[in-house]
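Here is the structure we will look at.
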Amino acid sequence: MSASLERFREREQQLLCRTYSRYPLSVVRAEGARLWDADGKEYVDLLAGIAVTGLGHCNEEIAEVIARQARKLIHVSNLFYQEEQLNFAEKLLATSHAGKAFFCNSGAEANEAAIKIARRYQQLVQGRNAWRVITLENCFHGRTMATLAATGKHTEGFTPLPDGFLRVAWGDIDALERAMTPDTAAVLVEMIQGEGGVFPLEAEYATALRDLCLERGVLFMADEVQAGMGRSGKFWSFQHYGVEPDLFTSAKSMANGLPLGAMMATDEVARGFDYGSHATTFGGGALVTAVGLKVLEIMERDGLVARAAELGERARARFREMGERVPGSVREVRGKGLLIGVELDLPEDDCRKVWESLLDKGFVLNLAYGKTLRLLPPLNIAEADLELFTEALEKTLKEMM
């Protein structure tokens, strides 16, 4: 550990609650798909702030919008009409079938809004005493008390959790059907599980899920916090499956690093909220929605959704070919677009060593569930950077075998 990193570590221990096990890296500057540490070492960023900086770090066009808007209007609360918020909502809703949006600050808050509107819609609009929400094993929906209960992990010391959540086996439609009872309000799923190791749902399951929800009067909710905003190669990952959820959530890359989340619903389900039924002080303020609008404009102008699909397909093919060149190293390559998981066929301790070696070689990425290298690079990352990573990964695996 360098002297500068040690200083950061010591200050953090003195000043911050121990909630994060940090990577051994102190980032002091970033640009595009590059990070620099306190010692001046350069890294290729394949994590993008956990799928947040979809247009790369310190994007010059985004910086200009921030500076201009900061001199015009930053925050007045949601007690007032704001043109920036309406402009963003109009363009965002045009990307899907949804008719109404609720803005907030994060993915967890967006999922909280989804849970609340689902229950309120069922109880006050449909007149059903339905409140239970079904989720899938290995899901991740946030760390608030309700989303923690929906997720079912990281719960030690936080019990009792809110009631009304039930998890069923991933991809098992029979288990889902058995779990549905008259008090079931909604099913909340990630079409591509990200934190769980990058697992896209099977098309047959997604169709059966939609049909079952329609048959039982249960709302179909999609968590698009990580896989949405073009990352999967469609603007929303549910669009790969030809299904339309009753409501869905987003956050992370909506404002390229500023806190912005959204819950979007059909006009019918939006009837579940009324004046005063839900609120947020900071959510969807003028600054973040002005940036969000610019993000959408850049994505459309530069064709980044289609690029994510094409670049991701080529990258996954490279990883599979690399795995064949190093037999016994790669168990499976999964994902859609630029949400990619490379599951290693090695003991967890060795997988950790692979990740550490890649970081030492200058590549920042995530290790999910102990064995899966998870890549969430900026959507405008240079293909050459992915090629460099493939070469580094192959070299690392050969060193391990």
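Lettering and numbering for the structure tokens are positional, with chains as A, B, ... in the shown order, residues counted from 1 in each chain, and ligands counted from 1 in the shown order.
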
Practice task
Taking the chain letters and numbering used in this document, name the residues of stretch 87-224 of chain A that DSSP puts in helix (DSSP H, G or I), as a VMD selection string.
Solution key: chain A and resid 87 to 93 107 to 125 145 to 151 173 to 179 203 to 216

Practice task
With a distance cut-off of 8 Å and only C-alpha atoms, select the neighbouring residues of A:Val330, excluding the residue or stretch itself and same-chain residues fewer than 3 positions from it, and output the selection as a list of chain:residue names.
Solution key: A:Arg320, A:Gly323, A:Val326, A:Pro327, A:Val333, A:Val342, A:Glu343, A:Leu344, A:Asp345, A:Leu346

Store the residues of this selection in a file with N, CA and C atoms, as a PDB file, in the first residue's frame.
ATOM      1  N   ARG A 320     -15.502 -15.280 -24.724  1.00  0.00           N
ATOM      2  CA  ARG A 320     -15.709 -16.717 -24.926  1.00  0.00           C
ATOM      3  C   ARG A 320     -14.522 -17.338 -25.671  1.00  0.00           C
ATOM      4  N   GLY A 323     -11.690 -17.653 -23.321  1.00  0.00           N
ATOM      5  CA  GLY A 323     -11.881 -18.785 -22.434  1.00  0.00           C
ATOM      6  C   GLY A 323     -11.485 -20.103 -23.081  1.00  0.00           C
ATOM      7  N   VAL A 326      -7.812 -20.549 -22.948  1.00  0.00           N
ATOM      8  CA  VAL A 326      -7.301 -20.879 -21.601  1.00  0.00           C
ATOM      9  C   VAL A 326      -8.289 -21.880 -20.991  1.00  0.00           C
ATOM     10  N   PRO A 327      -8.199 -23.149 -21.369  1.00  0.00           N
ATOM     11  CA  PRO A 327      -9.177 -24.148 -20.920  1.00  0.00           C
ATOM     12  C   PRO A 327      -9.288 -24.211 -19.397  1.00  0.00           C
ATOM     13  N   VAL A 333     -20.035 -16.871 -20.016  1.00  0.00           N
ATOM     14  CA  VAL A 333     -20.084 -15.440 -20.286  1.00  0.00           C
ATOM     15  C   VAL A 333     -21.550 -15.069 -20.502  1.00  0.00           C
ATOM     16  N   VAL A 342     -18.502 -12.277 -16.629  1.00  0.00           N
ATOM     17  CA  VAL A 342     -17.599 -13.369 -17.007  1.00  0.00           C
ATOM     18  C   VAL A 342     -17.398 -14.216 -15.758  1.00  0.00           C
ATOM     19  N   GLU A 343     -18.108 -15.344 -15.698  1.00  0.00           N
ATOM     20  CA  GLU A 343     -17.993 -16.209 -14.524  1.00  0.00           C
ATOM     21  C   GLU A 343     -16.788 -17.120 -14.674  1.00  0.00           C
ATOM     22  N   LEU A 344     -15.877 -17.035 -13.724  1.00  0.00           N
ATOM     23  CA  LEU A 344     -14.650 -17.818 -13.771  1.00  0.00           C
ATOM     24  C   LEU A 344     -14.891 -19.218 -13.218  1.00  0.00           C
ATOM     25  N   ASP A 345     -14.182 -20.172 -13.754  1.00  0.00           N
ATOM     26  CA  ASP A 345     -14.294 -21.570 -13.320  1.00  0.00           C
ATOM     27  C   ASP A 345     -13.123 -21.906 -12.407  1.00  0.00           C
ATOM     28  N   LEU A 346     -12.978 -21.074 -11.365  1.00  0.00           N
ATOM     29  CA  LEU A 346     -11.855 -21.196 -10.435  1.00  0.00           C
ATOM     30  C   LEU A 346     -12.382 -21.100  -9.006  1.00  0.00           C
TER      31      LEU A 346
END

Practice task
Give the strand (DSSP E) residues of stretch 69-249 of chain A, as assigned by DSSP on the backbone, as number ranges by chain.
Solution key: A: 100-104, 132-136, 165-168, 184-189, 192-193, 199-200, 219-223, 247-249

Export of prior selection with C-alpha atoms as a JSON list (two decimals), in the first residue's frame:
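See selection07.json below for the written result:
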[["chain", "number", "residue", "atom", "x", "y", "z"],
["A", 100, "LYS", "CA", -46.41, 9.09, -15.90],
["A", 101, "ALA", "CA", -43.17, 9.54, -13.92],
["A", 102, "PHE", "CA", -42.27, 10.19, -10.30],
["A", 103, "PHE", "CA", -38.77, 11.55, -9.75],
["A", 104, "CYS", "CA", -36.57, 10.82, -6.76],
["A", 132, "ARG", "CA", -47.58, -8.66, -0.77],
["A", 133, "VAL", "CA", -44.69, -8.21, -3.24],
["A", 134, "ILE", "CA", -42.91, -11.21, -4.75],
["A", 135, "THR", "CA", -39.25, -10.98, -5.79],
["A", 136, "LEU", "CA", -36.70, -13.47, -7.14],
["A", 165, "PHE", "CA", -42.25, -9.63, 0.84],
["A", 166, "LEU", "CA", -41.70, -13.14, -0.49],
["A", 167, "ARG", "CA", -38.88, -14.48, -2.67],
["A", 168, "VAL", "CA", -39.19, -17.39, -5.08],
["A", 184, "THR", "CA", -50.34, -10.49, -3.81],
["A", 185, "ALA", "CA", -50.13, -6.92, -5.11],
["A", 186, "ALA", "CA", -47.12, -7.12, -7.43],
["A", 187, "VAL", "CA", -44.08, -9.00, -8.68],
["A", 188, "LEU", "CA", -40.81, -7.05, -8.78],
["A", 189, "VAL", "CA", -38.03, -8.42, -10.99],
["A", 192, "ILE", "CA", -31.17, -8.87, -15.94],
["A", 193, "GLN", "CA", -29.91, -9.48, -12.42],
["A", 199, "PHE", "CA", -28.26, -13.27, -15.19],
["A", 200, "PRO", "CA", -30.75, -12.30, -17.94],
["A", 219, "LEU", "CA", -48.87, -5.77, -11.13],
["A", 220, "PHE", "CA", -45.69, -6.58, -13.08],
["A", 221, "MET", "CA", -42.86, -4.29, -11.92],
["A", 222, "ALA", "CA", -39.40, -4.16, -13.52],
["A", 223, "ASP", "CA", -36.31, -2.88, -11.71],
["A", 247, "LEU", "CA", -44.41, 0.15, -13.79],
["A", 248, "PHE", "CA", -40.63, 0.22, -13.76],
["A", 249, "THR", "CA", -37.81, 1.99, -12.00]]

Practice task
Pick out the residues sitting within 8 Å of A:Leu304, and hand them over as a PyMOL selection string; count only C-alpha atoms, and ignore anything fewer than 4 positions along from it in its own chain.
Solution key: chain A and resi 230+299-300+308+379-380

So that each row is one residue of stretch 149-263 of chain A with an atom at most 12 Å from stretch 95-99 of chain A, can you give its shortest atom pair and the distance in Å to one decimal, using only C-alpha atoms, rows by chain and rising number, as CSV?
residue,atom,partner,partner_atom,distance
A:Met221,CA,A:Ala98,CA,11.9
A:Gly228,CA,A:Thr95,CA,10.9
A:Met229,CA,A:Thr95,CA,9.4
A:Gly230,CA,A:Thr95,CA,10.2
A:Lys234,CA,A:Thr95,CA,10.0
A:Phe235,CA,A:Thr95,CA,6.9
A:Trp236,CA,A:Ser96,CA,7.9
A:Ser237,CA,A:Ser96,CA,11.0
A:Phe238,CA,A:Ser96,CA,10.0
A:Gln239,CA,A:Ser96,CA,8.6
A:Gly242,CA,A:His97,CA,11.7
A:Val243,CA,A:His97,CA,10.3
A:Glu244,CA,A:His97,CA,7.2
A:Pro245,CA,A:Ala98,CA,8.8
A:Asp246,CA,A:Ala98,CA,8.0
A:Leu247,CA,A:Ala98,CA,7.3
A:Phe248,CA,A:Ala98,CA,8.6
A:Thr249,CA,A:Ala98,CA,10.9
A:Ala262,CA,A:Ala98,CA,11.6
A:Met263,CA,A:Ala98,CA,9.8

Exercise for the section: Considering only C-alpha atoms, return as a ChimeraX atom specification whatever protein or nucleic-acid residues lie within 12 Å of A:Glu202, sequence-local ones (same chain, fewer than 2 positions apart) excluded. Expected result: /A:170-173,190-193,199-200,204-209,238,240-241,335

Could those residues be written to a file, using N, CA, C and O atoms, as a PDB file, in the first residue's frame?
ATOM      1  N   TRP A 170     -35.429 -18.191  -8.820  1.00  0.00           N
ATOM      2  CA  TRP A 170     -35.214 -17.467 -10.084  1.00  0.00           C
ATOM      3  C   TRP A 170     -35.549 -18.376 -11.264  1.00  0.00           C
ATOM      4  O   TRP A 170     -35.097 -19.528 -11.334  1.00  0.00           O
ATOM      5  N   GLY A 171     -36.357 -17.867 -12.192  1.00  0.00           N
ATOM      6  CA  GLY A 171     -36.637 -18.592 -13.425  1.00  0.00           C
ATOM      7  C   GLY A 171     -37.610 -19.744 -13.308  1.00  0.00           C
ATOM      8  O   GLY A 171     -37.793 -20.490 -14.264  1.00  0.00           O
ATOM      9  N   ASP A 172     -38.253 -19.912 -12.159  1.00  0.00           N
ATOM     10  CA  ASP A 172     -39.176 -21.031 -11.928  1.00  0.00           C
ATOM     11  C   ASP A 172     -40.597 -20.483 -11.929  1.00  0.00           C
ATOM     12  O   ASP A 172     -41.089 -19.980 -10.914  1.00  0.00           O
ATOM     13  N   ILE A 173     -41.293 -20.583 -13.055  1.00  0.00           N
ATOM     14  CA  ILE A 173     -42.629 -20.003 -13.168  1.00  0.00           C
ATOM     15  C   ILE A 173     -43.627 -20.757 -12.308  1.00  0.00           C
ATOM     16  O   ILE A 173     -44.589 -20.158 -11.790  1.00  0.00           O
ATOM     17  N   GLU A 190     -35.785  -7.941 -11.715  1.00  0.00           N
ATOM     18  CA  GLU A 190     -34.776  -7.399 -12.623  1.00  0.00           C
ATOM     19  C   GLU A 190     -34.786  -8.284 -13.863  1.00  0.00           C
ATOM     20  O   GLU A 190     -34.607  -9.499 -13.755  1.00  0.00           O
ATOM     21  N   MET A 191     -34.983  -7.712 -15.023  1.00  0.00           N
ATOM     22  CA  MET A 191     -34.953  -8.507 -16.247  1.00  0.00           C
ATOM     23  C   MET A 191     -33.553  -9.076 -16.466  1.00  0.00           C
ATOM     24  O   MET A 191     -33.388 -10.134 -17.072  1.00  0.00           O
ATOM     25  N   ILE A 192     -32.553  -8.369 -15.970  1.00  0.00           N
ATOM     26  CA  ILE A 192     -31.171  -8.868 -15.936  1.00  0.00           C
ATOM     27  C   ILE A 192     -30.659  -8.617 -14.522  1.00  0.00           C
ATOM     28  O   ILE A 192     -30.484  -7.471 -14.122  1.00  0.00           O
ATOM     29  N   GLN A 193     -30.443  -9.668 -13.757  1.00  0.00           N
ATOM     30  CA  GLN A 193     -29.909  -9.482 -12.415  1.00  0.00           C
ATOM     31  C   GLN A 193     -28.454  -9.034 -12.512  1.00  0.00           C
ATOM     32  O   GLN A 193     -27.630  -9.717 -13.120  1.00  0.00           O
ATOM     33  N   PHE A 199     -27.414 -12.187 -14.704  1.00  0.00           N
ATOM     34  CA  PHE A 199     -28.257 -13.275 -15.194  1.00  0.00           C
ATOM     35  C   PHE A 199     -29.486 -12.703 -15.887  1.00  0.00           C
ATOM     36  O   PHE A 199     -30.416 -12.240 -15.236  1.00  0.00           O
ATOM     37  N   PRO A 200     -29.535 -12.729 -17.234  1.00  0.00           N
ATOM     38  CA  PRO A 200     -30.748 -12.296 -17.941  1.00  0.00           C
ATOM     39  C   PRO A 200     -31.846 -13.354 -17.783  1.00  0.00           C
ATOM     40  O   PRO A 200     -31.582 -14.559 -17.816  1.00  0.00           O
ATOM     41  N   GLU A 204     -38.939 -17.113 -22.305  1.00  0.00           N
ATOM     42  CA  GLU A 204     -40.170 -17.842 -21.981  1.00  0.00           C
ATOM     43  C   GLU A 204     -40.658 -17.483 -20.591  1.00  0.00           C
ATOM     44  O   GLU A 204     -41.866 -17.362 -20.362  1.00  0.00           O
ATOM     45  N   TYR A 205     -39.744 -17.312 -19.658  1.00  0.00           N
ATOM     46  CA  TYR A 205     -40.128 -16.950 -18.301  1.00  0.00           C
ATOM     47  C   TYR A 205     -40.736 -15.557 -18.269  1.00  0.00           C
ATOM     48  O   TYR A 205     -41.750 -15.319 -17.596  1.00  0.00           O
ATOM     49  N   ALA A 206     -40.112 -14.616 -18.979  1.00  0.00           N
ATOM     50  CA  ALA A 206     -40.614 -13.241 -18.982  1.00  0.00           C
ATOM     51  C   ALA A 206     -42.038 -13.186 -19.535  1.00  0.00           C
ATOM     52  O   ALA A 206     -42.907 -12.496 -18.985  1.00  0.00           O
ATOM     53  N   THR A 207     -42.299 -13.931 -20.607  1.00  0.00           N
ATOM     54  CA  THR A 207     -43.640 -13.958 -21.188  1.00  0.00           C
ATOM     55  C   THR A 207     -44.636 -14.603 -20.230  1.00  0.00           C
ATOM     56  O   THR A 207     -45.751 -14.099 -20.036  1.00  0.00           O
ATOM     57  N   ALA A 208     -44.235 -15.723 -19.633  1.00  0.00           N
ATOM     58  CA  ALA A 208     -45.119 -16.411 -18.685  1.00  0.00           C
ATOM     59  C   ALA A 208     -45.396 -15.541 -17.466  1.00  0.00           C
ATOM     60  O   ALA A 208     -46.516 -15.529 -16.932  1.00  0.00           O
ATOM     61  N   LEU A 209     -44.399 -14.800 -16.999  1.00  0.00           N
ATOM     62  CA  LEU A 209     -44.568 -13.893 -15.877  1.00  0.00           C
ATOM     63  C   LEU A 209     -45.602 -12.825 -16.206  1.00  0.00           C
ATOM     64  O   LEU A 209     -46.521 -12.562 -15.409  1.00  0.00           O
ATOM     65  N   PHE A 238     -36.434  -4.601 -20.443  1.00  0.00           N
ATOM     66  CA  PHE A 238     -37.649  -5.373 -20.709  1.00  0.00           C
ATOM     67  C   PHE A 238     -38.026  -5.340 -22.183  1.00  0.00           C
ATOM     68  O   PHE A 238     -38.780  -6.196 -22.667  1.00  0.00           O
ATOM     69  N   HIS A 240     -36.194  -6.140 -24.584  1.00  0.00           N
ATOM     70  CA  HIS A 240     -35.657  -7.335 -25.237  1.00  0.00           C
ATOM     71  C   HIS A 240     -36.696  -8.449 -25.279  1.00  0.00           C
ATOM     72  O   HIS A 240     -36.581  -9.370 -26.088  1.00  0.00           O
ATOM     73  N   TYR A 241     -37.667  -8.395 -24.399  1.00  0.00           N
ATOM     74  CA  TYR A 241     -38.561  -9.522 -24.173  1.00  0.00           C
ATOM     75  C   TYR A 241     -39.963  -9.328 -24.754  1.00  0.00           C
ATOM     76  O   TYR A 241     -40.794 -10.228 -24.664  1.00  0.00           O
ATOM     77  N   GLY A 335     -24.890 -11.883 -20.269  1.00  0.00           N
ATOM     78  CA  GLY A 335     -25.242 -10.472 -20.291  1.00  0.00           C
ATOM     79  C   GLY A 335     -25.909 -10.045 -21.567  1.00  0.00           C
ATOM     80  O   GLY A 335     -26.153 -10.842 -22.481  1.00  0.00           O
TER      81      GLY A 335
END

Problem - Neighbour list for stretch 21-32 of chain A as number ranges by chain, cut-off 8 Å, only C-alpha atoms, skip fewer than 2 positions in-chain - result: A: 1, 5, 8, 18-19, 34-38, 55-59, 378, 381

Produce a file of the selected residues containing all heavy atoms, as a short mmCIF file (atom, residue, chain, number, x, y, z; two decimals), in the first residue's frame.
data_model
loop_
_atom_site.label_atom_id
_atom_site.label_comp_id
_atom_site.auth_asym_id
_atom_site.auth_seq_id
_atom_site.Cartn_x
_atom_site.Cartn_y
_atom_site.Cartn_z
N MET A 1 0.84 -1.19 0.00
CA MET A 1 0.00 0.00 0.00
C MET A 1 0.88 1.24 0.00
O MET A 1 1.78 1.38 0.82
CB MET A 1 -0.92 -0.01 1.23
CG MET A 1 -1.88 1.16 1.29
SD MET A 1 -2.95 1.15 2.76
CE MET A 1 -3.94 -0.31 2.43
N LEU A 5 -2.18 6.21 -0.26
CA LEU A 5 -3.36 5.38 -0.01
C LEU A 5 -3.52 5.13 1.48
O LEU A 5 -4.64 5.13 2.02
CB LEU A 5 -3.25 4.06 -0.78
CG LEU A 5 -4.45 3.12 -0.67
CD1 LEU A 5 -5.72 3.80 -1.15
CD2 LEU A 5 -4.19 1.85 -1.47
N PHE A 8 -5.19 8.08 3.08
CA PHE A 8 -6.63 8.06 2.84
C PHE A 8 -7.32 7.06 3.78
O PHE A 8 -8.36 7.35 4.37
CB PHE A 8 -6.93 7.69 1.39
CG PHE A 8 -6.86 8.84 0.44
CD1 PHE A 8 -5.78 8.99 -0.42
CD2 PHE A 8 -7.89 9.77 0.38
CE1 PHE A 8 -5.72 10.04 -1.31
CE2 PHE A 8 -7.84 10.83 -0.51
CZ PHE A 8 -6.75 10.97 -1.36
N ARG A 18 -18.14 2.64 9.18
CA ARG A 18 -17.58 1.51 8.43
C ARG A 18 -18.69 0.77 7.69
O ARG A 18 -19.21 -0.25 8.15
CB ARG A 18 -16.85 0.57 9.39
CG ARG A 18 -15.64 1.24 10.03
CD ARG A 18 -14.81 0.27 10.83
NE ARG A 18 -13.67 0.94 11.42
CZ ARG A 18 -12.71 0.32 12.10
NH1 ARG A 18 -12.77 -0.98 12.29
NH2 ARG A 18 -11.70 1.00 12.60
N THR A 19 -19.06 1.29 6.54
CA THR A 19 -20.09 0.65 5.73
C THR A 19 -19.56 0.13 4.40
O THR A 19 -20.22 -0.67 3.75
CB THR A 19 -21.24 1.64 5.43
OG1 THR A 19 -20.70 2.82 4.83
CG2 THR A 19 -21.97 2.01 6.71
N ARG A 34 -11.31 6.81 -17.98
CA ARG A 34 -10.03 6.76 -17.28
C ARG A 34 -10.15 7.32 -15.86
O ARG A 34 -10.87 8.29 -15.61
CB ARG A 34 -8.96 7.57 -18.03
CG ARG A 34 -8.52 6.96 -19.35
CD ARG A 34 -7.73 5.68 -19.12
NE ARG A 34 -7.11 5.16 -20.34
CZ ARG A 34 -7.74 4.42 -21.24
NH1 ARG A 34 -9.02 4.14 -21.08
NH2 ARG A 34 -7.12 3.96 -22.30
N LEU A 35 -9.43 6.67 -14.94
CA LEU A 35 -9.30 7.15 -13.57
C LEU A 35 -7.82 7.33 -13.27
O LEU A 35 -6.98 6.62 -13.84
CB LEU A 35 -9.88 6.13 -12.58
CG LEU A 35 -11.32 5.66 -12.76
CD1 LEU A 35 -11.63 4.55 -11.77
CD2 LEU A 35 -12.28 6.82 -12.58
N TRP A 36 -7.50 8.25 -12.34
CA TRP A 36 -6.13 8.41 -11.87
C TRP A 36 -6.14 8.40 -10.36
O TRP A 36 -7.01 9.02 -9.72
CB TRP A 36 -5.53 9.72 -12.37
CG TRP A 36 -5.17 9.69 -13.82
CD1 TRP A 36 -3.96 9.37 -14.36
CD2 TRP A 36 -6.04 10.00 -14.92
NE1 TRP A 36 -4.01 9.45 -15.74
CE2 TRP A 36 -5.27 9.84 -16.11
CE3 TRP A 36 -7.37 10.39 -15.03
CZ2 TRP A 36 -5.82 10.06 -17.37
CZ3 TRP A 36 -7.91 10.61 -16.29
CH2 TRP A 36 -7.14 10.44 -17.44
N ASP A 37 -5.18 7.69 -9.76
CA ASP A 37 -5.10 7.65 -8.30
C ASP A 37 -4.18 8.75 -7.78
O ASP A 37 -3.61 9.53 -8.56
CB ASP A 37 -4.71 6.26 -7.80
CG ASP A 37 -3.27 5.87 -8.12
OD1 ASP A 37 -2.46 6.74 -8.53
OD2 ASP A 37 -2.93 4.68 -7.95
N ALA A 38 -4.04 8.79 -6.46
CA ALA A 38 -3.26 9.85 -5.83
C ALA A 38 -1.79 9.80 -6.19
O ALA A 38 -1.06 10.79 -6.03
CB ALA A 38 -3.43 9.78 -4.31
N LEU A 55 -21.98 8.14 -19.80
CA LEU A 55 -21.35 8.97 -20.84
C LEU A 55 -19.90 9.28 -20.51
O LEU A 55 -19.29 10.15 -21.13
CB LEU A 55 -22.13 10.28 -21.02
CG LEU A 55 -23.60 10.14 -21.38
CD1 LEU A 55 -24.23 11.52 -21.58
CD2 LEU A 55 -23.80 9.28 -22.62
N GLY A 56 -19.36 8.56 -19.54
CA GLY A 56 -17.97 8.77 -19.16
C GLY A 56 -17.83 9.86 -18.11
O GLY A 56 -18.73 10.68 -17.89
N HIS A 57 -16.69 9.88 -17.45
CA HIS A 57 -16.43 10.84 -16.39
C HIS A 57 -16.17 12.23 -16.95
O HIS A 57 -15.53 12.38 -18.00
CB HIS A 57 -15.20 10.41 -15.57
CG HIS A 57 -15.39 9.10 -14.88
ND1 HIS A 57 -16.15 8.96 -13.74
CD2 HIS A 57 -14.90 7.86 -15.16
CE1 HIS A 57 -16.13 7.69 -13.35
NE2 HIS A 57 -15.38 7.01 -14.20
N CYS A 58 -16.67 13.23 -16.23
CA CYS A 58 -16.39 14.64 -16.54
C CYS A 58 -16.66 14.95 -18.01
O CYS A 58 -15.88 15.66 -18.67
CB CYS A 58 -14.95 14.99 -16.17
SG CYS A 58 -14.60 14.75 -14.41
N ASN A 59 -17.78 14.45 -18.50
CA ASN A 59 -18.20 14.73 -19.87
C ASN A 59 -18.35 16.24 -20.05
O ASN A 59 -19.04 16.90 -19.29
CB ASN A 59 -19.52 14.00 -20.14
CG ASN A 59 -20.02 14.20 -21.55
OD1 ASN A 59 -20.47 15.28 -21.91
ND2 ASN A 59 -19.96 13.14 -22.34
N PRO A 378 -18.58 2.74 -19.38
CA PRO A 378 -19.34 3.80 -20.05
C PRO A 378 -19.82 3.32 -21.42
O PRO A 378 -19.13 2.54 -22.09
CB PRO A 378 -18.31 4.93 -20.20
CG PRO A 378 -17.31 4.67 -19.12
CD PRO A 378 -17.24 3.18 -18.99
N ILE A 381 -17.35 3.98 -24.24
CA ILE A 381 -15.97 3.51 -24.08
C ILE A 381 -15.40 3.10 -25.43
O ILE A 381 -16.11 2.57 -26.31
CB ILE A 381 -15.90 2.34 -23.08
CG1 ILE A 381 -14.44 2.02 -22.72
CG2 ILE A 381 -16.63 1.11 -23.61
CD1 ILE A 381 -14.29 1.03 -21.59
#

Determine, for each residue of stretch 1-68 of chain A having at least one atom at most 9 Å from an atom of stretch 281-298 of chain A, the closest pair of atoms and their separation in Å to one decimal, counting only C-alpha atoms; order by chain and ascending number, as a Markdown table.
| residue | atom | partner | partner_atom | distance |
| --- | --- | --- | --- | --- |
| A:Gly54 | CA | A:Val295 | CA | 8.7 |
| A:Leu55 | CA | A:Val295 | CA | 7.6 |
| A:Glu61 | CA | A:Lys294 | CA | 8.0 |
| A:Ile62 | CA | A:Val291 | CA | 6.4 |
| A:Ala63 | CA | A:Val291 | CA | 8.8 |
| A:Val65 | CA | A:Val291 | CA | 6.3 |
| A:Ile66 | CA | A:Val291 | CA | 6.7 |

Using only C-alpha atoms, find each residue of stretch 288-351 of chain A with at least one atom at most 9 Å away from an atom of stretch 385-399 of chain A; report its shortest atom-to-atom pair and that distance in Å (one decimal), sort the rows by chain and rising residue number, and return the result as a tab-separated table.
residue	atom	partner	partner_atom	distance
A:Ala315	CA	A:Leu386	CA	7.0
A:Arg318	CA	A:Thr390	CA	7.2
A:Phe319	CA	A:Thr390	CA	6.7
A:Met322	CA	A:Glu394	CA	6.4
A:Gly323	CA	A:Glu394	CA	7.9
A:Arg325	CA	A:Glu394	CA	8.3
A:Val326	CA	A:Lys398	CA	6.6
A:Ser329	CA	A:Leu397	CA	6.7

Would you output that residue set with N, CA and C atoms, as a compact mmCIF listing (two decimals), in the first residue's frame?
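Wrote result-v8.txt, looks like this:
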# COMPACT_ATOMS: atom_id res chain seq x y z
N ALA A 315 -17.73 -7.95 -27.51
CA ALA A 315 -16.93 -8.17 -26.31
C ALA A 315 -17.20 -9.55 -25.72
N ARG A 318 -15.43 -12.13 -27.68
CA ARG A 318 -14.00 -12.15 -27.36
C ARG A 318 -13.73 -12.91 -26.07
N PHE A 319 -14.56 -12.68 -25.06
CA PHE A 319 -14.35 -13.36 -23.78
C PHE A 319 -14.53 -14.87 -23.92
N MET A 322 -11.48 -16.18 -25.68
CA MET A 322 -10.37 -16.17 -24.75
C MET A 322 -10.45 -17.36 -23.80
N GLY A 323 -11.69 -17.65 -23.32
CA GLY A 323 -11.88 -18.79 -22.43
C GLY A 323 -11.49 -20.10 -23.08
N ARG A 325 -9.17 -20.38 -25.28
CA ARG A 325 -7.70 -20.40 -25.36
C ARG A 325 -7.06 -20.73 -24.02
N VAL A 326 -7.81 -20.55 -22.95
CA VAL A 326 -7.30 -20.88 -21.60
C VAL A 326 -8.29 -21.88 -20.99
N SER A 329 -10.75 -22.05 -17.45
CA SER A 329 -10.68 -20.75 -16.76
C SER A 329 -12.03 -20.04 -16.69

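The space between atom CA of A:Gln122 and atom CA of A:Pro182 spans 11.0 Å.
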
Exercise for the section: Give me the residues within 9 Å of A:Trp355 as a PyMOL selection string, counting only C-alpha atoms and dropping any in the same chain fewer than 4 places off. Expected result: chain A and resi 350-351+359-360+363-367+373

Completion exercise
Of A:Pro377, A:Gly194, A:Gly233, A:Gly272, the one nearest to A:Gln123 when counting only C-alpha atoms is A:Gly272

Problem - For atom CA of A:Glu224 and atom CA of A:Arg334, the interatomic separation in Å (one decimal) - result: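 Separation between atom CA of A:Glu224 and atom CA of A:Arg334: 17.4 Å.
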
Problem - Nearest candidate to A:Ala317 (options A:Gly337, A:Gly157, A:Gly49, A:Gly303; using only C-alpha atoms) - result: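 Going through A:Gly337, A:Gly157, A:Gly49, A:Gly303 one by one, the smallest distance to A:Ala317 is for A:Gly337.
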
Exercise for the section: Report the distance between atom CA of A:Asn138 and atom CA of A:Ile117 in Å, rounded to one decimal place. Expected result: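 One can read the atom CA of A:Asn138 to atom CA of A:Ile117 distance as 23.8 Å.
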